[in-house]
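**Student:** Questions regarding the structure given below will be posed in turn.
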Amino acid sequence: MSIDYLEDLDRAISVGKDLYACPGTQSSEWEISSDLETLEKKAKRSANALKFEVHVYRLINKADVITGDSFLVVRKILEPGARGEPRFQFAVVDTKEAAEMMRDVSQGPSPYYGASIEKTFKPE
């Protein structure tokens, strides 16, 4: 089921749906949403909690990555949450080769996504 969720995200990105991601306040925790305003609030909270700069990324097709962009990769597919929601540990890497090597393959090779910085938030 979790790998299906990741593949659905990959398809949505491929057809041009606007999706954004930002790190949460916990290690490797990320938020993904089509609502940029919601993620901006979460990114501000994360920047203040973590005490360092946090980026909100626009997820893009990995074939469209240009110099300066990164890749968002699933490091580990976790057990579903209490309500059955999929859970993952993510990481941001700079190269396609790193994304290929780091991605979770426990349920088959997990997809990874291009990530372009949309906004940056500094701690207050």
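Following the order of the structure tokens, first chain is A, next is B, and so on, with residues numbered from 1 inside each chain and ligands from 1 in the order they appear.
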Neighbouring residues of Arg87 in chain A were defined as those with any atom within 8 Å, considering only C-alpha atoms; residues of the same chain fewer than 5 positions away were excluded. Please report them as an mmCIF file with N, CA and C atoms, in the first residue's frame.
**Tutor:**
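Output saved as around.cif:
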```cif
data_model
loop_
_atom_site.group_PDB
_atom_site.id
_atom_site.type_symbol
_atom_site.label_atom_id
_atom_site.label_comp_id
_atom_site.auth_asym_id
_atom_site.auth_seq_id
_atom_site.Cartn_x
_atom_site.Cartn_y
_atom_site.Cartn_z
ATOM 1 N N SER A 2 1.928 1.309 0.778
ATOM 2 C CA SER A 2 2.773 2.492 0.853
ATOM 3 C C SER A 2 3.459 2.778 -0.475
ATOM 4 N N ILE A 77 10.562 2.969 4.010
ATOM 5 C CA ILE A 77 9.112 2.870 4.103
ATOM 6 C C ILE A 77 8.807 2.296 5.483
ATOM 7 N N LEU A 78 8.043 3.046 6.273
ATOM 8 C CA LEU A 78 7.732 2.654 7.648
ATOM 9 C C LEU A 78 6.382 1.943 7.716
ATOM 10 N N GLU A 79 6.095 1.378 8.873
ATOM 11 C CA GLU A 79 4.788 0.769 9.108
ATOM 12 C C GLU A 79 3.726 1.869 9.050
ATOM 13 N N PRO A 80 2.534 1.552 8.545
ATOM 14 C CA PRO A 80 1.464 2.565 8.493
ATOM 15 C C PRO A 80 1.148 3.119 9.881
ATOM 16 N N GLY A 81 0.667 4.359 9.912
ATOM 17 C CA GLY A 81 0.283 5.003 11.166
ATOM 18 C C GLY A 81 -0.961 4.378 11.756
#
```
**Student:** Can you pull out every residue within 12 Å of Glu7 in chain A, counting only C-alpha atoms, but drop anything in the same chain fewer than 3 positions away, and send it as a count of residues only?
**Tutor:** 17
**Student:** Excluding same-chain residues fewer than 3 positions from Val65 in chain A, what lies within 6 Å of it counting only C-alpha atoms, as a ChimeraX atom specification?
**Tutor:** /A:62,69,114
**Student:** For Ala91 in chain A, work out the shell of residues within 8 Å, counting only C-alpha atoms and skipping chain neighbours fewer than 5 positions away, then give it as a PyMOL selection string.
**Tutor:** chain A and resi 28+72-75
**Student:** Assign secondary structure with DSSP using the backbone only, and return the residues of chain A in strand (DSSP E) as an MDAnalysis selection string.
**Tutor:** chainID A and resid 20:23 30:33 54:60 70:77 88:93 112:121
**Student:** Considering only C-alpha atoms, can you say which of A:Val93, A:Ala21, A:Val105, A:Ile66 comes closest to Asp35 in chain A?
**Tutor:**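 Closest to Asp35 in chain A, using only C-alpha atoms: A:Ala21.
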**Student:** Which residues, written as number ranges by chain, have at least one atom at most 9 Å from range 49-55 of chain A, with only C-alpha atoms counted and residues fewer than 6 positions away on the same chain left out?
**Tutor:** A: 21-23, 25-26, 43, 117-124
**Student:** Mind giving me the straight-line distance from CA of Phe71 in chain A to CA of Glu85 in chain A in Å, one decimal?
**Tutor:**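 Between CA of Phe71 in chain A and CA of Glu85 in chain A the gap works out to 23.1 Å.
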**Student:** What does the structure give for the distance between CA of Glu97 in chain A and CA of Ile60 in chain A, in Å to one decimal?
**Tutor:**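 For CA of Glu97 in chain A relative to CA of Ile60 in chain A, the distance reads 17.0 Å.
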**Student:** Between A:Glu40, A:Asp8, A:Asp104, A:Asp64, single out the one closest to Tyr20 in chain A, counting only C-alpha atoms.
**Tutor:**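 Once distances to Tyr20 in chain A are computed over only C-alpha atoms, the minimum belongs to A:Glu40.
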**Student:** At what distance in Å, to one decimal, does CA of Arg58 in chain A lie from CA of Ile32 in chain A?
**Tutor:**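 That distance, rounded to one decimal, is 9.7 Å.
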**Student:** Would you give me, as a ChimeraX atom specification, the residues in range 1-101 of chain A that DSSP reads as helix (DSSP H, G or I)?
**Tutor:** /A:2-14,36-50,62-64,96-101
